[in-house]
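Visitor: So here's target_13.csv (CSV, C-alpha atoms and all ligand atoms).
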chain,number,residue,atom,x,y,z
E,1,MET,CA,-21.1,-26.4,64.3
E,2,ILE,CA,-19.5,-28.3,67.2
E,3,ASN,CA,-18.1,-25.8,69.7
E,4,THR,CA,-14.9,-27.1,71.2
E,5,LYS,CA,-14.2,-24.0,73.2
E,6,GLN,CA,-13.5,-24.5,76.9
E,7,THR,CA,-13.0,-20.9,77.9
E,8,ASP,CA,-14.0,-17.4,77.0
E,9,SER,CA,-10.8,-16.8,75.0
E,10,THR,CA,-11.3,-14.7,71.8
E,11,ILE,CA,-10.2,-17.5,69.4
E,12,VAL,CA,-12.7,-18.5,66.7
E,13,VAL,CA,-12.7,-22.1,65.5
E,14,GLU,CA,-14.0,-22.6,61.9
E,15,PRO,CA,-14.2,-26.3,60.9
E,16,MET,CA,-13.2,-27.0,57.3
E,17,THR,CA,-14.7,-30.5,56.7
E,18,VAL,CA,-17.0,-32.8,58.6
E,19,HIS,CA,-14.2,-34.7,60.2
E,20,THR,CA,-10.9,-33.0,59.8
E,21,GLY,CA,-9.3,-29.6,60.0
E,22,ALA,CA,-10.3,-26.2,61.4
E,23,GLU,CA,-9.1,-22.7,60.8
E,24,ILE,CA,-8.3,-20.7,64.0
E,25,LYS,CA,-8.8,-17.0,63.9
E,26,GLY,CA,-8.5,-14.2,66.5
E,27,ILE,CA,-5.0,-15.0,67.8
E,28,ASP,CA,-1.4,-13.7,67.3
E,29,LEU,CA,0.9,-16.7,67.6
E,30,ARG,CA,4.0,-14.5,67.9
E,31,GLU,CA,3.0,-13.5,71.4
E,32,PRO,CA,3.0,-15.8,74.5
E,33,LEU,CA,-0.5,-17.3,74.7
E,34,THR,CA,-2.8,-17.1,77.7
E,35,ALA,CA,-3.9,-20.3,79.5
E,36,ALA,CA,-7.4,-19.9,78.1
E,37,GLU,CA,-6.0,-19.7,74.5
E,38,ILE,CA,-3.8,-22.8,75.1
E,39,ALA,CA,-6.8,-24.7,76.5
E,40,ASP,CA,-9.1,-23.7,73.5
E,41,ILE,CA,-6.4,-24.5,70.9
E,42,THR,CA,-5.7,-27.9,72.5
E,43,ALA,CA,-9.4,-28.7,72.6
E,44,ALA,CA,-9.8,-27.8,69.0
E,45,LEU,CA,-6.7,-29.8,68.0
E,46,LEU,CA,-8.0,-32.9,69.7
E,47,LYS,CA,-11.4,-32.5,68.0
E,48,TRP,CA,-10.3,-31.4,64.5
E,49,LYS,CA,-6.8,-33.1,64.4
E,50,VAL,CA,-5.2,-30.3,62.3
E,51,LEU,CA,-5.5,-26.6,62.8
E,52,PHE,CA,-4.6,-23.8,60.5
E,53,PHE,CA,-3.6,-20.2,61.3
E,54,ARG,CA,-3.2,-17.6,58.6
E,55,ASN,CA,-1.0,-14.4,58.7
E,56,GLN,CA,1.4,-15.5,61.4
E,57,PRO,CA,4.8,-14.2,60.4
E,58,LEU,CA,6.8,-16.2,63.0
E,59,ASN,CA,10.6,-16.2,63.1
E,60,HIS,CA,12.4,-19.4,64.3
E,61,ALA,CA,12.5,-18.4,67.9
E,62,GLN,CA,8.8,-17.5,68.0
E,63,HIS,CA,8.1,-20.9,66.3
E,64,VAL,CA,10.0,-22.6,69.1
E,65,GLN,CA,8.3,-20.5,71.7
E,66,LEU,CA,4.9,-21.4,70.3
E,67,ALA,CA,5.8,-25.1,70.3
E,68,ARG,CA,7.1,-25.0,73.9
E,69,GLN,CA,3.6,-23.9,75.1
E,70,PHE,CA,2.1,-27.2,73.9
E,71,GLY,CA,4.9,-29.7,74.8
E,72,GLU,CA,8.6,-30.4,74.6
E,73,PRO,CA,10.1,-30.0,71.2
E,74,THR,CA,12.2,-32.9,69.8
E,75,PRO,CA,15.5,-32.4,67.9
E,76,ALA,CA,14.7,-31.1,64.4
E,77,HIS,CA,14.9,-34.6,62.9
E,78,VAL,CA,16.1,-37.8,64.5
E,79,VAL,CA,18.1,-38.8,61.4
E,80,PHE,CA,18.8,-35.6,59.5
E,81,GLY,CA,19.4,-33.4,62.5
E,82,GLY,CA,19.1,-29.6,62.5
E,83,ASP,CA,21.2,-26.6,63.1
E,84,ASP,CA,23.1,-25.5,66.2
E,85,THR,CA,21.3,-22.2,66.8
E,86,TYR,CA,17.8,-23.7,66.5
E,87,PRO,CA,18.1,-27.4,67.3
E,88,GLU,CA,14.3,-27.8,67.2
E,89,ILE,CA,13.7,-26.4,63.7
E,90,TYR,CA,13.6,-28.8,60.8
E,91,SER,CA,14.0,-27.2,57.4
E,92,ILE,CA,11.7,-28.5,54.7
E,93,ALA,CA,13.0,-27.0,51.5
E,94,LYS,CA,11.7,-27.9,48.0
E,95,PHE,CA,15.0,-29.7,47.4
E,96,ARG,CA,15.8,-30.7,50.9
E,97,ALA,CA,19.4,-30.3,52.0
E,98,ALA,CA,19.5,-32.8,54.8
E,99,ASN,CA,21.6,-30.7,57.2
E,100,SER,CA,22.6,-33.8,59.1
E,101,LYS,CA,25.3,-33.9,61.7
E,102,ARG,CA,25.8,-37.5,60.6
E,103,GLY,CA,26.5,-36.9,57.0
E,104,THR,CA,27.2,-34.4,54.3
E,105,ALA,CA,24.3,-32.4,52.9
E,106,SER,CA,22.3,-34.6,50.6
E,107,ILE,CA,19.0,-34.4,48.7
E,108,ARG,CA,16.2,-35.9,50.7
E,109,PRO,CA,13.5,-37.5,48.5
E,110,TRP,CA,10.0,-36.3,49.0
E,111,THR,CA,7.8,-38.6,51.1
E,112,GLY,CA,4.3,-40.1,50.5
E,113,TRP,CA,1.5,-40.3,53.1
E,114,HIS,CA,3.0,-40.7,56.5
E,115,THR,CA,2.7,-39.9,60.2
E,116,ASP,CA,5.9,-38.2,61.4
E,117,ILE,CA,8.6,-40.6,62.6
E,118,THR,CA,6.5,-43.6,63.5
E,119,ALA,CA,9.6,-45.8,63.1
E,120,ALA,CA,10.6,-44.5,66.6
E,121,ILE,CA,9.2,-46.1,69.7
E,122,ASN,CA,7.8,-42.7,70.8
E,123,PRO,CA,6.7,-40.9,67.6
E,124,PRO,CA,6.1,-37.1,68.0
E,125,ALA,CA,2.8,-36.2,69.6
E,126,ALA,CA,2.3,-33.2,67.3
E,127,SER,CA,3.9,-31.2,64.5
E,128,ILE,CA,3.9,-27.4,63.9
E,129,LEU,CA,4.7,-26.4,60.3
E,130,ARG,CA,5.1,-22.9,59.0
E,131,GLY,CA,5.3,-21.8,55.4
E,132,GLU,CA,7.8,-19.1,54.7
E,133,THR,CA,8.3,-19.2,51.0
E,134,VAL,CA,4.9,-20.3,49.6
E,135,PRO,CA,4.2,-20.9,45.9
E,136,PRO,CA,1.4,-18.8,44.5
E,137,TYR,CA,-0.4,-22.0,43.6
E,138,GLY,CA,0.3,-25.7,44.0
E,139,GLY,CA,2.2,-27.1,47.0
E,140,ASP,CA,-0.9,-28.0,49.1
E,141,THR,CA,-0.6,-30.4,52.0
E,142,GLN,CA,-3.2,-33.0,52.9
E,143,TRP,CA,-4.1,-34.6,56.2
E,144,THR,CA,-6.3,-37.6,57.0
E,145,ASN,CA,-8.1,-38.4,60.2
E,146,LEU,CA,-7.2,-41.9,61.5
E,147,VAL,CA,-9.9,-41.9,64.1
E,148,ALA,CA,-12.6,-41.4,61.4
E,149,ALA,CA,-10.9,-44.0,59.3
E,150,TYR,CA,-11.1,-46.5,62.2
E,151,HIS,CA,-14.8,-45.9,62.7
E,152,ALA,CA,-15.5,-46.4,59.0
E,153,LEU,CA,-14.3,-50.0,59.1
E,154,SER,CA,-16.9,-52.7,59.6
E,155,PRO,CA,-17.3,-53.9,63.2
E,156,ALA,CA,-15.7,-57.2,62.3
E,157,MET,CA,-12.7,-55.5,60.7
E,158,ARG,CA,-12.3,-53.1,63.7
E,159,ALA,CA,-12.4,-56.1,66.1
E,160,PHE,CA,-9.7,-57.8,64.0
E,161,ALA,CA,-7.6,-54.7,63.7
E,162,ASP,CA,-7.7,-54.1,67.4
E,163,THR,CA,-5.7,-57.4,67.9
E,164,LEU,CA,-2.9,-56.7,65.4
E,165,ARG,CA,0.6,-55.2,65.7
E,166,ALA,CA,2.6,-53.6,63.0
E,167,VAL,CA,6.3,-53.1,62.2
E,168,HIS,CA,7.3,-49.5,61.3
E,169,ARG,CA,10.8,-48.9,59.9
E,170,TYR,CA,12.7,-46.0,58.5
E,171,ASP,CA,14.4,-47.1,55.3
E,172,ALA,CA,16.1,-45.0,52.6
E,173,PRO,CA,13.8,-44.9,49.6
E,174,THR,CA,15.3,-46.4,46.5
E,175,GLY,CA,15.8,-44.7,43.2
E,176,ALA,CA,16.1,-41.3,44.9
E,177,ALA,CA,18.4,-38.6,43.6
E,178,ALA,CA,21.7,-38.7,45.5
E,179,ALA,CA,20.6,-42.0,47.1
E,180,LYS,CA,24.1,-43.0,47.9
E,181,GLU,CA,24.7,-40.0,50.1
E,182,TYR,CA,21.2,-40.4,51.5
E,183,ASP,CA,22.1,-44.0,52.5
E,184,GLU,CA,25.2,-42.8,54.2
E,185,THR,CA,23.2,-40.2,56.1
E,186,LEU,CA,20.8,-42.9,57.3
E,187,LYS,CA,23.5,-45.3,58.4
E,188,GLY,CA,23.7,-43.8,61.9
E,189,GLY,CA,20.0,-43.6,62.3
E,190,THR,CA,18.0,-46.6,61.6
E,191,PHE,CA,14.7,-46.8,63.6
E,192,ALA,CA,12.2,-49.5,63.8
E,193,ALA,CA,9.4,-50.3,66.3
E,194,GLU,CA,6.4,-52.6,66.6
E,195,HIS,CA,3.3,-50.5,67.3
E,196,PRO,CA,-0.3,-51.6,67.8
E,197,LEU,CA,-2.3,-51.3,64.6
E,198,VAL,CA,-5.0,-49.6,66.6
E,199,ARG,CA,-3.6,-47.2,69.3
E,200,VAL,CA,-5.6,-45.6,72.0
E,201,HIS,CA,-5.2,-41.9,72.0
E,202,PRO,CA,-3.6,-40.9,75.3
E,203,GLU,CA,-5.7,-37.7,75.7
E,204,THR,CA,-9.1,-38.5,74.1
E,205,GLY,CA,-9.2,-42.3,74.6
E,206,GLU,CA,-10.3,-42.6,70.9
E,207,ARG,CA,-9.2,-45.6,68.8
E,208,VAL,CA,-6.8,-44.6,66.0
E,209,LEU,CA,-6.1,-46.7,63.0
E,210,TYR,CA,-2.4,-46.2,63.3
E,211,VAL,CA,-1.4,-46.6,59.6
E,212,SER,CA,1.6,-44.5,58.5
E,213,PRO,CA,2.1,-45.7,54.9
E,214,SER,CA,5.8,-44.6,54.4
E,215,PHE,CA,6.9,-46.4,57.6
E,216,LEU,CA,4.4,-49.3,58.1
E,217,LYS,CA,6.2,-52.3,56.5
E,218,SER,CA,4.4,-55.4,57.8
E,219,LEU,CA,1.8,-56.7,60.1
E,220,SER,CA,2.9,-59.2,62.8
E,221,ASP,CA,1.3,-62.5,63.5
E,222,VAL,CA,-0.1,-63.0,60.0
E,223,THR,CA,1.5,-64.5,56.9
E,224,LEU,CA,3.5,-62.3,54.5
E,225,GLN,CA,0.8,-62.6,51.9
E,226,GLU,CA,-1.9,-61.6,54.4
E,227,SER,CA,0.2,-58.7,55.6
E,228,HIS,CA,0.8,-57.5,52.1
E,229,HIS,CA,-2.9,-57.5,51.2
E,230,LEU,CA,-4.1,-56.1,54.4
E,231,ILE,CA,-1.6,-53.2,54.3
E,232,GLN,CA,-2.7,-52.4,50.7
E,233,MET,CA,-6.3,-52.3,51.9
E,234,LEU,CA,-5.5,-50.1,54.9
E,235,TRP,CA,-3.4,-47.7,52.8
E,236,GLU,CA,-6.3,-47.2,50.4
E,237,HIS,CA,-8.9,-47.0,53.3
E,238,ILE,CA,-7.2,-44.3,55.4
E,239,VAL,CA,-7.0,-41.8,52.6
E,240,ARG,CA,-10.6,-41.9,51.5
E,241,PRO,CA,-11.5,-38.3,50.7
E,242,GLU,CA,-14.1,-38.0,53.4
E,243,PHE,CA,-11.4,-38.4,56.1
E,244,THR,CA,-9.1,-35.8,54.6
E,245,VAL,CA,-8.6,-32.1,54.4
E,246,ARG,CA,-6.4,-30.3,51.8
E,247,PHE,CA,-4.8,-27.0,52.7
E,248,ARG,CA,-3.9,-24.3,50.3
E,249,TRP,CA,-1.0,-22.3,51.9
E,250,THR,CA,-0.5,-18.6,51.8
E,251,ALA,CA,2.6,-16.8,53.1
E,252,ASP,CA,3.0,-17.0,56.9
E,253,CYS,CA,0.5,-19.8,57.5
E,254,VAL,CA,0.9,-22.3,60.3
E,255,ALA,CA,-0.4,-25.8,60.4
E,256,PHE,CA,-0.5,-27.6,63.8
E,257,TRP,CA,-1.5,-31.3,63.7
E,258,ASP,CA,-2.0,-34.1,66.2
E,259,ASN,CA,0.5,-36.6,65.0
E,260,ARG,CA,-1.1,-39.4,67.1
E,261,SER,CA,-4.4,-39.3,65.1
E,262,THR,CA,-3.5,-38.2,61.6
E,263,ALA,CA,-1.3,-39.0,58.6
E,264,HIS,CA,-0.3,-36.3,56.0
E,265,LEU,CA,0.9,-36.0,52.5
E,266,ALA,CA,3.5,-33.5,51.4
E,267,PRO,CA,3.0,-32.1,47.9
E,268,ARG,CA,4.7,-33.5,44.8
E,269,ASP,CA,3.3,-31.1,42.2
E,270,ILE,CA,5.8,-28.4,43.2
E,271,PHE,CA,8.4,-30.3,41.2
E,272,ASP,CA,6.4,-29.7,38.1
E,273,SER,CA,6.7,-25.9,38.6
E,274,ASP,CA,9.6,-23.4,39.0
E,275,PHE,CA,8.2,-22.0,42.2
E,276,ASP,CA,10.3,-22.3,45.3
E,277,ARG,CA,8.9,-23.6,48.6
E,278,GLN,CA,10.6,-23.3,52.0
E,279,PHE,CA,8.8,-24.5,55.1
E,280,TYR,CA,10.0,-25.1,58.7
E,281,ARG,CA,8.7,-27.7,61.2
E,282,VAL,CA,8.9,-28.3,65.0
E,283,THR,CA,7.7,-31.6,66.4
E,284,LEU,CA,6.6,-32.2,70.0
E,285,ASN,CA,7.9,-35.2,71.9
E,286,GLY,CA,5.4,-38.1,72.1
E,287,ASP,CA,4.7,-41.0,74.4
E,288,ILE,CA,4.9,-44.7,73.6
E,289,PRO,CA,1.7,-45.8,71.9
E,290,VAL,CA,-0.6,-48.3,73.7
E,291,GLY,CA,-3.0,-50.7,72.1
E,292,VAL,CA,-6.6,-51.6,72.9
E,293,ASP,CA,-5.3,-54.5,75.0
E,294,GLY,CA,-3.1,-52.1,77.0
E,295,ARG,CA,0.2,-53.4,75.4
E,296,PRO,CA,2.7,-50.7,74.6
E,297,SER,CA,4.8,-50.5,71.5
E,298,THR,CA,8.2,-52.2,71.5
E,299,VAL,CA,11.6,-51.1,70.1
E,300,ILE,CA,13.1,-53.1,67.3
E,301,GLU,CA,16.0,-50.7,66.6
E,302,GLY,CA,17.0,-47.2,67.7
E,303,ASP,CA,16.7,-45.1,70.9
E,304,PRO,CA,13.6,-43.3,72.0
E,305,ILE,CA,13.5,-39.6,70.9
E,306,GLU,CA,14.5,-37.3,73.7
E,307,PRO,CA,13.3,-33.7,73.9
E,308,VAL,CA,15.6,-30.7,73.4
E,309,PRO,CA,16.3,-29.2,76.9
E,310,VAL,CA,15.1,-25.6,77.3
E,311,SER,CA,18.8,-24.7,78.0
E,312,LEU,CA,19.6,-25.4,74.4
E,313,THR,CA,16.9,-23.0,73.1
E,314,ASN,CA,19.5,-20.3,73.1
E,315,LYS,CA,17.7,-17.5,71.2
E,316,LYS,CA,14.8,-15.4,72.5
E,317,PRO,CA,12.1,-14.3,70.0
E,318,SER,CA,13.4,-10.7,70.1
E,319,GLU,CA,16.9,-11.9,69.1
E,320,SER,CA,15.8,-14.0,66.2
E,321,ASN,CA,16.1,-12.6,62.7
E,322,VAL,CA,15.4,-15.8,60.8
R,401,LIG,C1,5.8,-32.8,56.4
R,401,LIG,O1,5.7,-33.9,55.8
R,401,LIG,O2,6.0,-32.7,57.6
R,401,LIG,C2,5.8,-31.6,55.5
R,401,LIG,C3,4.6,-31.4,54.7
R,401,LIG,C4,4.7,-30.3,53.7
R,401,LIG,O3,5.8,-29.9,53.4
R,401,LIG,O4,3.7,-29.9,53.2
Translate the structure described by the file into structure tokens.
Ligand code: SIN
Guide:
Amino acid sequence: MINTKQTDSTIVVEPMTVHTGAEIKGIDLREPLTAAEIADITAALLKWKVLFFRNQPLNHAQHVQLARQFGEPTPAHVVFGGDDTYPEIYSIAKFRAANSKRGTASIRPWTGWHTDITAAINPPAASILRGETVPPYGGDTQWTNLVAAYHALSPAMRAFADTLRAVHRYDAPTGAAAAKEYDETLKGGTFAAEHPLVRVHPETGERVLYVSPSFLKSLSDVTLQESHHLIQMLWEHIVRPEFTVRFRWTADCVAFWDNRSTAHLAPRDIFDSDFDRQFYRVTLNGDIPVGVDGRPSTVIEGDPIEPVPVSLTNKKPSESNV
């Protein structure tokens, strides 16, 4: 087992697959963490890309407190917004009410494989998801490791991918229930950016095959036909089972992933059951991706995501009852 621990903190890191995912034991995420715990969790996150913590009954304020120890939370969702008391908390309900300040509540369609908000110039660095109402079975989430996916390409394909740029856009999916309302909600919040197809991870220096299927629309500097076929190939490649981990949730689990080096898949099977599912997510503000050639991403549409100031985090963990 590879030991990622940097300190003598009491946390235990149990890898779940060869490349991706580790369960962390020996910690209570409701309490402020020590510097040693933060260092060991950060090191494990950079190595395993997604971490899981069981039996962590966090309330909203503890969830925000946890996130603030690892970075600056973003607003709940750049398009759908959040609520006034907890501006950082994004509600992920089975039938999502998009509690947007821009539009009336509408049903948000479930998404496919994606990396959170890569249509923005500065996609979130990390996401912290907690399961509150968890189905007894079904509703698993999957993650894939985009560094492992990069290394599994042939040297020739890696060298080619290193030179490409890709357009990521946030579009309303078609055919969705309540699509008209959804379109209205999206009108105030279209985001698009051109990112390097291979980004250099700002902390590890690793090369990441930055493919976010729901947002990645086209490759620049190649023909439309080439773009179409290459994207199909990349979509299939990045979700090869050996790069992925599948997590079976139990009540009060927390998943913490590096959004710069992973993509994930929310479950669809929950719609084939009557079980409810209510999750909450906080994302941490990210920087502008940089390619192998040192070129940063460029904005096509929309503003950079700005973090929520601490002054707007207006509830302390002890005051929170949600
Ligand atoms: C997400 O896409 O962030 C949510 C994943 C999930 O609900 O399992």
Visitor: For range 148-152 of chain E, list every protein, DNA or RNA residue within 10 Å, evaluated using all atoms listed in the file, and leave out those in the same chain fewer than 4 positions away; present the list as a PDB file with C-alpha atoms, in the coordinates of the input.
Guide:
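Contents of the output file result-v1.pdb:
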ATOM      1  CA  HIS E  19     -14.200 -34.700  60.200  1.00  0.00           C
ATOM      2  CA  THR E  20     -10.900 -33.000  59.800  1.00  0.00           C
ATOM      3  CA  THR E 144      -6.300 -37.600  57.000  1.00  0.00           C
ATOM      4  CA  MET E 157     -12.700 -55.500  60.700  1.00  0.00           C
ATOM      5  CA  ARG E 158     -12.300 -53.100  63.700  1.00  0.00           C
ATOM      6  CA  ALA E 161      -7.600 -54.700  63.700  1.00  0.00           C
ATOM      7  CA  ASP E 162      -7.700 -54.100  67.400  1.00  0.00           C
ATOM      8  CA  VAL E 198      -5.000 -49.600  66.600  1.00  0.00           C
ATOM      9  CA  GLU E 206     -10.300 -42.600  70.900  1.00  0.00           C
ATOM     10  CA  ARG E 207      -9.200 -45.600  68.800  1.00  0.00           C
ATOM     11  CA  VAL E 208      -6.800 -44.600  66.000  1.00  0.00           C
ATOM     12  CA  LEU E 209      -6.100 -46.700  63.000  1.00  0.00           C
ATOM     13  CA  TYR E 210      -2.400 -46.200  63.300  1.00  0.00           C
ATOM     14  CA  VAL E 211      -1.400 -46.600  59.600  1.00  0.00           C
ATOM     15  CA  LEU E 234      -5.500 -50.100  54.900  1.00  0.00           C
ATOM     16  CA  HIS E 237      -8.900 -47.000  53.300  1.00  0.00           C
ATOM     17  CA  ILE E 238      -7.200 -44.300  55.400  1.00  0.00           C
ATOM     18  CA  VAL E 239      -7.000 -41.800  52.600  1.00  0.00           C
ATOM     19  CA  ARG E 240     -10.600 -41.900  51.500  1.00  0.00           C
ATOM     20  CA  GLU E 242     -14.100 -38.000  53.400  1.00  0.00           C
ATOM     21  CA  PHE E 243     -11.400 -38.400  56.100  1.00  0.00           C
ATOM     22  CA  THR E 244      -9.100 -35.800  54.600  1.00  0.00           C
ATOM     23  CA  SER E 261      -4.400 -39.300  65.100  1.00  0.00           C
ATOM     24  CA  THR E 262      -3.500 -38.200  61.600  1.00  0.00           C
TER      25      THR E 262
END
Visitor: Measure the distance from CA of Arg30 in chain E to CA of Thr4 in chain E in Å and round it to one decimal.
Guide: 23.0 Å
Visitor: Check the smallest atom-to-atom distance from each of E:Ala266, E:Leu230, E:Ile305, E:Ala125 to Thr283 in chain E using all atoms listed in the file, then report the winner.
Guide: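 Nearest to Thr283 in chain E: E:Ala125.
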Visitor: Please determine, counting all atoms listed in the file, which residue among E:Leu219, E:Ile117, E:Leu46, E:Val79 has the shortest atom-to-atom distance to His201 in chain E.
Guide: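 Residue with the minimum atom-to-atom distance to His201 in chain E: E:Leu46.
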Visitor: If I put a ball of radius 12 Å at (-12.9, -20.5, 62.0) in the file's coordinates, which residues poke into it when counting only C-alpha atoms, written as a VMD selection string?
Guide: chain E and resid 1 to 5 10 to 17 21 to 27 41 44 48 51 to 54
Visitor: What is the distance between CA of Thr204 in chain E and CA of Lys49 in chain E, in Å to one decimal?
Guide: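 One can read the CA of Thr204 in chain E to CA of Lys49 in chain E distance as 11.3 Å.
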Visitor: To one decimal place, how far is CA of Phe275 in chain E from CA of Gly138 in chain E in Å?
Guide: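 Distance between the two atoms: 8.9 Å.
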Visitor: E:Arg260, E:Arg281, E:His60, E:His228: which is nearest ligand LIG 401 (chain R), counting all atoms listed in the file?
Guide: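 That would be E:Arg281, the residue with the smallest distance to ligand LIG 401 (chain R).
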Visitor: Counting all atoms listed in the file, which protein, DNA or RNA residues come within 7 Å of ligand LIG 401 (chain R), given as a list in words?
Guide: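 With all atoms listed in the file and a cut-off of 7 Å, ligand LIG 401 (chain R) is contacted by Ile92, Thr111, Asp116, Leu129, Gly139, Asp140, Thr141, His264, Leu265, Ala266, Pro267, Phe279 and Arg281 of chain E.
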Visitor: Can you tell me, as a PyMOL selection string, what residues are no more than 8 Å from Ser212 in chain E when counting all atoms listed in the file, ignoring any on the same chain fewer than 3 positions away?
Guide: chain E and resi 113-115+118+215-216+263
Visitor: Which one of E:Val167, E:Val282, E:Val50, E:Leu312 sits closest to Arg246 in chain E if you count only C-alpha atoms?
Guide: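 So, comparing all the options, the nearest one is E:Val50.
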Visitor: Of the residues E:Leu284, E:Ala255, E:Met233, E:Val308, which is the one nearest to Gln69 in chain E, using only C-alpha atoms?
Guide: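 So, comparing all the options, the nearest one is E:Leu284.
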Visitor: Find the smallest box with edges along x, y and z containing every listed atom of range 204-217 of chain E, then add 6 Å on each side and report centre and edge lengths in Å to one decimal, as AutoDock Vina command-line options.
Guide:
--center_x -1.7 --center_y -45.4 --center_z 64.5 --size_x 29.2 --size_y 25.8 --size_z 32.2
Visitor: Pick the closest to Gly302 in chain E from E:Ala192, E:Ala39, E:Leu45, E:Leu146: which is it, counting all atoms listed in the file?
Guide: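 Ranking E:Ala192, E:Ala39, E:Leu45, E:Leu146 by distance to Gly302 in chain E, first place goes to E:Ala192.
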Visitor: Grab range 53-59 of chain E from that structure and dump all heavy atoms to a file, as a PDB file, in the first residue's frame.
Guide:
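Contents of the output file part11.pdb:
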ATOM      1  N   PHE E  53     -15.562   9.238   3.453  1.00  0.00           N
ATOM      2  CA  PHE E  53     -15.594   9.241   4.928  1.00  0.00           C
ATOM      3  C   PHE E  53     -16.981   8.744   5.326  1.00  0.00           C
ATOM      4  O   PHE E  53     -17.984   9.334   4.923  1.00  0.00           O
ATOM      5  CB  PHE E  53     -15.424  10.665   5.466  1.00  0.00           C
ATOM      6  CG  PHE E  53     -14.188  11.390   4.980  1.00  0.00           C
ATOM      7  CD1 PHE E  53     -14.162  11.996   3.732  1.00  0.00           C
ATOM      8  CD2 PHE E  53     -13.063  11.491   5.784  1.00  0.00           C
ATOM      9  CE1 PHE E  53     -13.039  12.678   3.287  1.00  0.00           C
ATOM     10  CE2 PHE E  53     -11.929  12.176   5.353  1.00  0.00           C
ATOM     11  CZ  PHE E  53     -11.924  12.761   4.090  1.00  0.00           C
ATOM     12  N   ARG E  54     -17.048   7.676   6.107  1.00  0.00           N
ATOM     13  CA  ARG E  54     -18.357   7.163   6.543  1.00  0.00           C
ATOM     14  C   ARG E  54     -18.704   7.690   7.944  1.00  0.00           C
ATOM     15  O   ARG E  54     -17.824   8.132   8.680  1.00  0.00           O
ATOM     16  CB  ARG E  54     -18.353   5.631   6.545  1.00  0.00           C
ATOM     17  CG  ARG E  54     -18.243   5.045   5.131  1.00  0.00           C
ATOM     18  CD  ARG E  54     -18.607   3.564   5.084  1.00  0.00           C
ATOM     19  NE  ARG E  54     -18.375   3.022   3.749  1.00  0.00           N
ATOM     20  CZ  ARG E  54     -19.284   3.018   2.761  1.00  0.00           C
ATOM     21  NH1 ARG E  54     -20.490   3.516   2.971  1.00  0.00           N
ATOM     22  NH2 ARG E  54     -18.995   2.513   1.587  1.00  0.00           N
ATOM     23  N   ASN E  55     -20.004   7.645   8.251  1.00  0.00           N
ATOM     24  CA  ASN E  55     -20.507   8.032   9.589  1.00  0.00           C
ATOM     25  C   ASN E  55     -20.091   9.447   9.985  1.00  0.00           C
ATOM     26  O   ASN E  55     -19.471   9.652  11.022  1.00  0.00           O
ATOM     27  CB  ASN E  55     -20.037   7.022  10.652  1.00  0.00           C
ATOM     28  CG  ASN E  55     -20.448   5.618  10.277  1.00  0.00           C
ATOM     29  OD1 ASN E  55     -21.583   5.398   9.838  1.00  0.00           O
ATOM     30  ND2 ASN E  55     -19.535   4.674  10.393  1.00  0.00           N
ATOM     31  N   GLN E  56     -20.411  10.397   9.148  1.00  0.00           N
ATOM     32  CA  GLN E  56     -20.082  11.804   9.407  1.00  0.00           C
ATOM     33  C   GLN E  56     -21.381  12.608   9.314  1.00  0.00           C
ATOM     34  O   GLN E  56     -21.685  13.187   8.265  1.00  0.00           O
ATOM     35  CB  GLN E  56     -19.075  12.326   8.368  1.00  0.00           C
ATOM     36  CG  GLN E  56     -17.812  11.518   8.235  1.00  0.00           C
ATOM     37  CD  GLN E  56     -16.863  11.706   9.418  1.00  0.00           C
ATOM     38  OE1 GLN E  56     -16.942  12.693  10.148  1.00  0.00           O
ATOM     39  NE2 GLN E  56     -15.958  10.750   9.604  1.00  0.00           N
ATOM     40  N   PRO E  57     -22.175  12.643  10.391  1.00  0.00           N
ATOM     41  CA  PRO E  57     -23.474  13.326  10.320  1.00  0.00           C
ATOM     42  C   PRO E  57     -23.335  14.846  10.381  1.00  0.00           C
ATOM     43  O   PRO E  57     -23.624  15.481  11.397  1.00  0.00           O
ATOM     44  CB  PRO E  57     -24.234  12.765  11.530  1.00  0.00           C
ATOM     45  CG  PRO E  57     -23.174  12.349  12.493  1.00  0.00           C
ATOM     46  CD  PRO E  57     -21.943  11.994  11.698  1.00  0.00           C
ATOM     47  N   LEU E  58     -22.902  15.445   9.306  1.00  0.00           N
ATOM     48  CA  LEU E  58     -22.666  16.896   9.274  1.00  0.00           C
ATOM     49  C   LEU E  58     -23.975  17.644   9.077  1.00  0.00           C
ATOM     50  O   LEU E  58     -24.843  17.199   8.313  1.00  0.00           O
ATOM     51  CB  LEU E  58     -21.753  17.264   8.092  1.00  0.00           C
ATOM     52  CG  LEU E  58     -20.390  16.599   7.971  1.00  0.00           C
ATOM     53  CD1 LEU E  58     -19.659  17.153   6.749  1.00  0.00           C
ATOM     54  CD2 LEU E  58     -19.567  16.842   9.219  1.00  0.00           C
ATOM     55  N   ASN E  59     -24.090  18.819   9.689  1.00  0.00           N
ATOM     56  CA  ASN E  59     -25.150  19.735   9.289  1.00  0.00           C
ATOM     57  C   ASN E  59     -24.564  20.699   8.242  1.00  0.00           C
ATOM     58  O   ASN E  59     -23.371  20.630   7.913  1.00  0.00           O
ATOM     59  CB  ASN E  59     -25.764  20.447  10.508  1.00  0.00           C
ATOM     60  CG  ASN E  59     -24.730  21.261  11.287  1.00  0.00           C
ATOM     61  OD1 ASN E  59     -23.802  21.810  10.711  1.00  0.00           O
ATOM     62  ND2 ASN E  59     -24.899  21.326  12.607  1.00  0.00           N
TER      63      ASN E  59
END
